[in-house]
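A.B. asks: The structure's right below; bear with me while I get my questions together.
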Amino acid sequence: MKDQNNKLSSFFNSVWFRCISVLLVLTVVLSSTLAIFNDVLYVSASERTDRALKKIYGVIPNYTTLLDVDSLEDGINKTVINYNLDADADFEGAINKIYVIGDQNGEHDELFQSVGFEGYKGGSITLWVRVKYLSNGNKKIEQVLLQEYDKQTLMSKLNSAFYNRFLVDVTNAYNDGNLFTTASGKGQFSNPVSGATYSANAGNNAVNCVVAYVGGVQ
Amino acid sequence: MADRLLKFSSSPHVKSPKTTRQIMIHVCIALMPAVIMGIVLFGGMAALILSLSLVSAVASEFVYLLICKKSFRQIAREFDFTSCVTGLLVGMSIGVNYPWYAPIFGSVFAIIVVKMIFGGTGKNLVNPAVTGRIFIFMSFQAMVGAWVIPNINSITGGQINSGATILGGLLDAKNPTFPTLSNWDLLLGTGLAGCIGETCKLALILGGIYLAVLGIINIGYPVIYVAVTGLFTVALNGFNFGYFLPAILSGGLMLGAIFMATDYTTTPNTTLGNIIYFVMLGLITAGLRQATHMEVVSFAILFMNLFVPLIDKFVLPNPFGYKKIKKAKGAK
Amino acid sequence: MKTNFKKIATDGVITQNPTLKLVLGTCPTLALTTMAMNGIYMGLAVTFVLICSNVLISLLRKLIPSQVRIPAFVLIIATFVTLVRLLLDKLLPDAYEVLGLYLPLIVVNCIILARAESFASKNGVIASATDGLFMGIGFTLALTLMGAFREILGAGAVFGITLWNFQIGFFSSSAGSFFTYALFIAIFSLVSSTISKSKRKKLSRLNGENLTAEV
């Protein structure tokens with residue numbers, strides 16, 4: 001009996017058993033704690049929208065939702081609008097959310113969340129694009145903010161020059177065939193970024209979806 | 001303290017009438033034609049920039065040595081004109097539309113950080129003028145914008161390029177524009193937008209010949225550098241020989257090749273090492289110019305300066321008196 | 001054994017400053033000192049992780065066998081870094097955006113692993129917590145000072161408040177970050193060696209006086 005006890009205790013006290021058991025216990029305990037905290041501190045999609053709105057407008061304005069893919073309410077359009085602007089097989093981007101701030105018949109803002117594909121390593125960039133609908137019928141991109149990105153490594157190269165060139169009047173841009181491109185050169189639709197061409201391509205695609213929407217492709 | 005009358009040193013004992021001070025004065029004289037042409041082409045502002053960078057280079061060396069507790073008379077007695085050369089080169093390698101404080105910052109950085117902190121003359125790791133130029137370029141380029149056209153227009157009736165330089169137009173990937181200025185204009189610097197000292201290549205070549213005749217620099221090495229750059233640019237552009245002359249006559253290549261890449265401290269010790277160094281410089285300059293469409297001579301020189309200890313480690317000089325033992329013919 | 005809290009405090013902030021004396025964790029230092037505010041955010045995150053991981057490792061120091069101590073430490077540190085990410089995303093989204101990629105990089109920040117290995121696994125809980133706190137304070141101070149220096153010279157602003165319109169672009173670049181780091185280490189060594197030299201002179205003078213008094 002004592003021999004068996006000794007064997008058992010020596011087994012439980014052996015180095016490799018203690019090591020493995022400590023590591024296993026630590027992993028289980030810590031990951032369950034993290035799972036609890038993840039639920040507690042979860043940031044929902046609506047909260048992210050509120051944060052973006054606060055960043056753009058300072059306060060959260062009254063808005064009506066035309067399209068919101070993450071919405072949990074009934075009666076709200078949830079179908080994402082896909083865009084295939086270049087007639088090859090892949091979709092270049094999609095519009096996930098459209099919010100209307102102000103009276104849709106007068107001068108108002110429309111806030112788009114659009115995602116552009118064909119980035120570096122097949123990743124994507126998600127942008128908030130705020131379009132101002134003026135009373136004379138013109139539509140101008142007022143502001144472009146970065147929401148998030150996927151697999152892009154050189155996001156720091158997309159500097160303010162890159163975002164500021166989107167702030168133009170786009171009323172007839174789609175009909176005239178002017179889309180934001182990665183080709184360099186002079187002009188507002190060309191690319192001021194060097195070295196991050198794929199990421200710039202994804203960013204351009206995201207804004208081009210909005211340009212296409214504004215030009216009537218819905 | 002009076003100079004010691006008894007000097008200790010180890011062999012070999014070689015006496016030479018050449019001192020560092022004399023060599024540096026000759027280099028300053030060789031730079032004079034380019035300085036004068038720069039002032040003629042760009043006006044009084046160029047003179048101001050050159051004098052500011054010269055004065056601040058010399059002053060920073062004096063201030064540093066004073067802080068190191070040497071007496072003023074001792075510094076003046078030991079002054080070799082290396083900081084004059086550095087100051088002039090820094091002033092010559094920036095455009096005339098830079099703010100007046102830019103050459104001051106560049107010279108101070110070049111002398112104190114690159115030369116004095118590492119131990120003074122002969123102990124710098126990289127060329128101080130090149131680093132000063134890079135400092136000014138990184139700090140103040142954003143507020144300066146385009147290059148400025150000089151006062152004298154083109155003598156062969158070419159069109160004046162403003163904004164992007166000849167080099168920028170040549171290397172533009174989508175539509176390479178052959179320079180609208182003829183090669184004569186590129187040589188003389190008339191009508192060419194660029195840095196103060198770089199535009200008149202003829203003056204720089206004159207200075208280089210002066211130094212070569214006096215034996216201060218080996219004229220083969222800058223020739224190797226310039227030729228390899230031109231040939232590699234030709235090769236990279238589909239073996240179109242029309243690229244050769246514009247490529248070697250535009251940008252800061254002449255100034256860098258003759259005056260900056262041949263600095264004594266930052267070149268290898270052996271002939272073979274030097275050949276490797278200058279060929280690599282040419283390849284890197286041409287390659288980087290093609291890839292980045294920017295003026296890369298200073299960056300290429302900085303990069304290769306860091307390789308010099310490696311080259312010196314592997315390319316060993318022959319010991320004094322070494323003769324290769326010839327194998328006897330028909331040896332068993 | 002009574003823990004000398006004063007020594008722990010001065011060690012963390014001055015004599016063994018992790019950034020300027022031990023030169024640990026240089027990657028976030030070089031990347032995040034472009035603005036002073038970044039320094040404060042990063043210092044906050046690192047201090048939190050330091051204190052929590054030091055406390056937990058000190059509590060478990062008798063249970064973790066020494067053969068697996070590094071994996072165990074990394075597990076614990078990674079948990080707290082994930083926790084900090086969740087907290088920052090919820091409570092301080094500005095900090096989360098600014099820190100970006102460098103937040104998960106705290107897991108392999110050498111400061112935390114070094115303090116866990118050399119201090120927390122050998123001392124009690126309160127001492128480890130204090131050590132974590134003061135090391136974090138030292139790190140934050142170094143980063144904030146360097147960030148302020150680079151921001152004033154490179155962007156003409158400090159803590160986001162524009163001071164003047166003069167900028168030297170060199171200091172906002174990566175070359176400037178290396179240069180600033182070297183400059184601060186040099187100034188720090190100069191100051192600390194001057195202080196220790198004067199302390200030694202004072203000490204030797206006192207000893208000398210004692211001897212002559214006895215005669």
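Residues in the structure tokens are numbered from 1 in each chain, the chains being A, B, ... in the order shown, and ligands are numbered from 1 in the order shown.
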I'd like the contact shell of segment 39-54 of chain C - 9 Å cut-off, only C-alpha atoms, skipping same-chain residues fewer than 6 positions apart - returned as a ChimeraX atom specification.

C.D. replies: /C:28-29,32-33,73,76-77,79-81,83-85,88,95-96,98-99,102-103,106,109,111-112,115-116,119-121,125,128-148

A.B. asks: Near segment 163-172 of chain A, within 7 Å and counting only C-alpha atoms, which residues show up once chain neighbours fewer than 6 positions away are dropped, as a list in words?

C.D. replies: Asn138, Lys139, Lys140, Ile141, Glu142, Gln143, Val144, Gln188, Val211, Val214 and Gly215 of chain A

A.B. asks: For the residues selected in the previous step, produce a file with N, CA and C atoms as a short mmCIF file (atom, residue, chain, number, x, y, z; two decimals), in the first residue's frame.

C.D. replies:
```cif
data_model
loop_
_atom_site.label_atom_id
_atom_site.label_comp_id
_atom_site.auth_asym_id
_atom_site.auth_seq_id
_atom_site.Cartn_x
_atom_site.Cartn_y
_atom_site.Cartn_z
N ASN A 138 -26.05 69.65 -56.32
CA ASN A 138 -24.68 69.12 -56.33
C ASN A 138 -24.42 68.28 -55.09
N LYS A 139 -23.54 67.33 -55.27
CA LYS A 139 -23.19 66.48 -54.14
C LYS A 139 -21.67 66.51 -53.97
N LYS A 140 -21.25 66.81 -52.77
CA LYS A 140 -19.80 66.94 -52.54
C LYS A 140 -19.40 66.06 -51.36
N ILE A 141 -18.29 65.40 -51.51
CA ILE A 141 -17.77 64.60 -50.39
C ILE A 141 -17.13 65.57 -49.41
N GLU A 142 -17.68 65.57 -48.17
CA GLU A 142 -17.20 66.53 -47.17
C GLU A 142 -16.08 65.97 -46.31
N GLN A 143 -16.18 64.67 -46.02
CA GLN A 143 -15.24 64.14 -45.04
C GLN A 143 -15.07 62.65 -45.29
N VAL A 144 -13.86 62.17 -45.08
CA VAL A 144 -13.61 60.73 -45.20
C VAL A 144 -12.83 60.29 -43.97
N GLN A 188 -7.15 65.61 -59.44
CA GLN A 188 -7.69 65.22 -58.15
C GLN A 188 -7.93 63.74 -58.06
N VAL A 211 -19.18 57.11 -54.93
CA VAL A 211 -19.32 57.93 -56.15
C VAL A 211 -20.34 57.29 -57.09
N VAL A 214 -23.87 57.82 -55.67
CA VAL A 214 -24.30 59.20 -55.89
C VAL A 214 -24.63 59.43 -57.34
N GLY A 215 -23.92 58.69 -58.25
CA GLY A 215 -24.20 58.83 -59.66
C GLY A 215 -25.38 58.03 -60.12
#
```

A.B. asks: For atom CA of Ser174 of chain C and atom CA of Gln16 of chain C, determine how far apart the two atoms are, in Å to one decimal place.

C.D. replies: 25.8 Å

A.B. asks: Write out, as a tab-separated table, each residue of segment 78-191 of chain C that has an atom at most 12 Å from segment 48-67 of chain A, together with the closest pair of atoms and their distance in Å to one decimal, counting only C-alpha atoms, rows going by chain and rising number.

C.D. replies:
```
residue	atom	partner	partner_atom	distance
C:Asp89	CA	A:Arg48	CA	10.3
C:Lys90	CA	A:Arg48	CA	10.0
C:Leu91	CA	A:Arg51	CA	11.7
C:Leu92	CA	A:Arg51	CA	11.3
C:Pro93	CA	A:Arg51	CA	8.8
C:Asp94	CA	A:Arg51	CA	10.4
```

A.B. asks: Please produce, as CSV, a per-residue contact table for chain A versus chain C (criterion: any atom at most 7 Å away, only C-alpha atoms considered), showing the nearest atom pair and its distance in Å to one decimal, sorted by chain then residue number.

C.D. replies:
```
residue,atom,partner,partner_atom,distance
A:Cys19,CA,C:Val68,CA,6.2
A:Val22,CA,C:Ile64,CA,6.6
A:Leu23,CA,C:Ala72,CA,6.4
A:Leu30,CA,C:Thr79,CA,6.6
A:Leu34,CA,C:Leu83,CA,6.9
A:Asn38,CA,C:Leu86,CA,6.9
A:Leu41,CA,C:Lys90,CA,6.1
A:Val43,CA,C:Lys90,CA,6.2
```

A.B. asks: For C-alpha atoms, I'd like the residues from the last selection saved as a tab-separated table (two decimals), in the first residue's frame.

C.D. replies:
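Done, and the output landed in again_12.tsv:
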```tsv
chain	number	residue	atom	x	y	z
A	19	CYS	CA	4.88	21.70	-15.52
A	22	VAL	CA	0.44	24.30	-14.19
A	23	LEU	CA	0.40	25.42	-17.80
A	30	LEU	CA	-6.94	32.88	-17.87
A	34	LEU	CA	-10.76	36.78	-20.78
A	38	ASN	CA	-14.73	40.13	-23.64
A	41	LEU	CA	-16.42	45.06	-22.59
A	43	VAL	CA	-18.13	47.26	-28.34
```

A.B. asks: Extract, using only C-alpha atoms, all DNA, RNA and protein residues at most 10 Å from Gly120 of chain B, discarding same-chain residues fewer than 3 positions from it, and format them as a PyMOL selection string.

C.D. replies: chain B and resi 61+65+82+111-112+114-117+123-124

A.B. asks: Please, which residues of segment 58-165 of chain A, numbered as in this document, come out alpha helix (DSSP H) from DSSP, as a list in words?

C.D. replies: Ser160, Ala161, Phe162, Tyr163 and Asn164 of chain A

A.B. asks: Let me see the file: selected residues, N, CA and C atoms, as a PDB file, in the first residue's frame.

C.D. replies:
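The resulting selection.pdb:
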```pdb
ATOM      1  N   SER A 160      -2.775  62.417 -44.807  1.00  0.00           N
ATOM      2  CA  SER A 160      -3.875  63.359 -44.998  1.00  0.00           C
ATOM      3  C   SER A 160      -3.996  63.780 -46.456  1.00  0.00           C
ATOM      4  N   ALA A 161      -2.875  63.777 -47.188  1.00  0.00           N
ATOM      5  CA  ALA A 161      -2.966  64.128 -48.618  1.00  0.00           C
ATOM      6  C   ALA A 161      -3.843  63.133 -49.351  1.00  0.00           C
ATOM      7  N   PHE A 162      -3.732  61.865 -48.969  1.00  0.00           N
ATOM      8  CA  PHE A 162      -4.537  60.834 -49.604  1.00  0.00           C
ATOM      9  C   PHE A 162      -6.012  61.044 -49.318  1.00  0.00           C
ATOM     10  N   TYR A 163      -6.370  61.338 -48.060  1.00  0.00           N
ATOM     11  CA  TYR A 163      -7.778  61.494 -47.716  1.00  0.00           C
ATOM     12  C   TYR A 163      -8.323  62.820 -48.197  1.00  0.00           C
ATOM     13  N   ASN A 164      -7.501  63.864 -48.189  1.00  0.00           N
ATOM     14  CA  ASN A 164      -8.026  65.176 -48.563  1.00  0.00           C
ATOM     15  C   ASN A 164      -8.381  65.264 -50.030  1.00  0.00           C
TER      16      ASN A 164
END
```

A.B. asks: Got a sec to pull out which chain C residues are within 7 Å of chain B, counting only C-alpha atoms, and send them as a PyMOL selection string?

C.D. replies: chain C and resi 168-170

A.B. asks: Using DSSP assignments from the backbone, pull out every residue in segment 80-207 of chain C that falls under strand (DSSP E) and give it to me as a PyMOL selection string.

C.D. replies: chain C and resi 157-158+161-162

A.B. asks: Could you tell me how far atom CA of Val213 of chain B lies from atom CA of Gly38 of chain B, in Å and to one decimal?

C.D. replies: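 We find that atom CA of Val213 of chain B and atom CA of Gly38 of chain B lie 23.6 Å from each other.
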
A.B. asks: Report as a list of chain:residue names all protein, DNA and RNA residues lying within 7 Å of Gly203 of chain A, evaluated on only C-alpha atoms, omitting residues in the same chain fewer than 3 positions from it.

C.D. replies: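 Listed by chain and then number, they are A:Gly116, A:Ile125, A:Ser199, A:Ala200, A:Ala206, A:Val207.
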
A.B. asks: Quick one: everything within 6 Å of segment 265-275 of chain B, counting only C-alpha atoms, minus sequence neighbours fewer than 6 positions away in the same chain. Send it as a PyMOL selection string.

C.D. replies: chain B and resi 122+305+308+312+315+317

A.B. asks: Would you write out those residues with C-alpha atoms, as a compact mmCIF listing (two decimals), in the first residue's frame?

C.D. replies:
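Below is the file out_4.txt, written as the result:
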```txt
# COMPACT_ATOMS: atom_id res chain seq x y z
CA GLY B 122 39.64 61.75 -39.71
CA ASN B 305 30.13 54.94 -46.51
CA VAL B 308 33.63 50.93 -46.25
CA ASP B 312 38.49 47.29 -45.82
CA VAL B 315 40.23 43.66 -49.35
CA PRO B 317 46.43 45.78 -48.66
```

A.B. asks: So that I can see what lies close to Phe188 of chain C, please list as a list in words the residues with an atom at most 10 Å from it, counting only C-alpha atoms and leaving out residues fewer than 2 positions away in the same chain.

C.D. replies: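 In the requested form, the answer reads Ile14, Thr15, Asn17, Leu20, Lys21, Ala182, Leu183, Phe184, Ile185, Ala186, Leu190, Val191, Ser192, Ser193 and Thr194 of chain C.
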
A.B. asks: Next, the residues of the selection above should be written as a PDB file, in the first residue's frame with N, CA and C atoms.

C.D. replies:
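Saved file selection17.pdb follows:
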```
ATOM      1  N   ILE C  14      14.742  56.351 -11.549  1.00  0.00           N
ATOM      2  CA  ILE C  14      16.011  57.012 -11.866  1.00  0.00           C
ATOM      3  C   ILE C  14      17.144  56.043 -12.129  1.00  0.00           C
ATOM      4  N   THR C  15      17.568  55.309 -11.107  1.00  0.00           N
ATOM      5  CA  THR C  15      18.838  54.599 -11.282  1.00  0.00           C
ATOM      6  C   THR C  15      18.723  53.436 -12.253  1.00  0.00           C
ATOM      7  N   ASN C  17      16.216  53.192 -14.681  1.00  0.00           N
ATOM      8  CA  ASN C  17      15.139  53.564 -15.608  1.00  0.00           C
ATOM      9  C   ASN C  17      15.130  52.632 -16.809  1.00  0.00           C
ATOM     10  N   LEU C  20      16.007  54.540 -20.304  1.00  0.00           N
ATOM     11  CA  LEU C  20      17.232  55.317 -20.482  1.00  0.00           C
ATOM     12  C   LEU C  20      18.462  54.670 -19.890  1.00  0.00           C
ATOM     13  N   LYS C  21      18.271  53.718 -18.973  1.00  0.00           N
ATOM     14  CA  LYS C  21      19.457  53.094 -18.416  1.00  0.00           C
ATOM     15  C   LYS C  21      19.547  51.636 -18.835  1.00  0.00           C
ATOM     16  N   ALA C 182      19.223  58.476 -28.605  1.00  0.00           N
ATOM     17  CA  ALA C 182      20.638  58.521 -28.254  1.00  0.00           C
ATOM     18  C   ALA C 182      20.950  59.773 -27.447  1.00  0.00           C
ATOM     19  N   LEU C 183      20.368  60.897 -27.864  1.00  0.00           N
ATOM     20  CA  LEU C 183      20.615  62.160 -27.158  1.00  0.00           C
ATOM     21  C   LEU C 183      20.156  62.068 -25.705  1.00  0.00           C
ATOM     22  N   PHE C 184      18.970  61.496 -25.493  1.00  0.00           N
ATOM     23  CA  PHE C 184      18.460  61.418 -24.129  1.00  0.00           C
ATOM     24  C   PHE C 184      19.269  60.464 -23.268  1.00  0.00           C
ATOM     25  N   ILE C 185      19.693  59.334 -23.866  1.00  0.00           N
ATOM     26  CA  ILE C 185      20.525  58.421 -23.078  1.00  0.00           C
ATOM     27  C   ILE C 185      21.815  59.124 -22.689  1.00  0.00           C
ATOM     28  N   ALA C 186      22.385  59.916 -23.630  1.00  0.00           N
ATOM     29  CA  ALA C 186      23.636  60.617 -23.326  1.00  0.00           C
ATOM     30  C   ALA C 186      23.429  61.638 -22.209  1.00  0.00           C
ATOM     31  N   LEU C 190      25.071  61.541 -18.497  1.00  0.00           N
ATOM     32  CA  LEU C 190      25.873  62.685 -18.017  1.00  0.00           C
ATOM     33  C   LEU C 190      25.371  63.153 -16.658  1.00  0.00           C
ATOM     34  N   VAL C 191      24.030  63.335 -16.572  1.00  0.00           N
ATOM     35  CA  VAL C 191      23.472  63.847 -15.324  1.00  0.00           C
ATOM     36  C   VAL C 191      23.715  62.870 -14.183  1.00  0.00           C
ATOM     37  N   SER C 192      23.449  61.575 -14.437  1.00  0.00           N
ATOM     38  CA  SER C 192      23.584  60.625 -13.332  1.00  0.00           C
ATOM     39  C   SER C 192      25.039  60.434 -12.932  1.00  0.00           C
ATOM     40  N   SER C 193      25.976  60.504 -13.900  1.00  0.00           N
ATOM     41  CA  SER C 193      27.368  60.343 -13.498  1.00  0.00           C
ATOM     42  C   SER C 193      27.848  61.566 -12.749  1.00  0.00           C
ATOM     43  N   THR C 194      27.375  62.769 -13.117  1.00  0.00           N
ATOM     44  CA  THR C 194      27.758  63.959 -12.356  1.00  0.00           C
ATOM     45  C   THR C 194      27.245  63.866 -10.928  1.00  0.00           C
TER      46      THR C 194
END
```
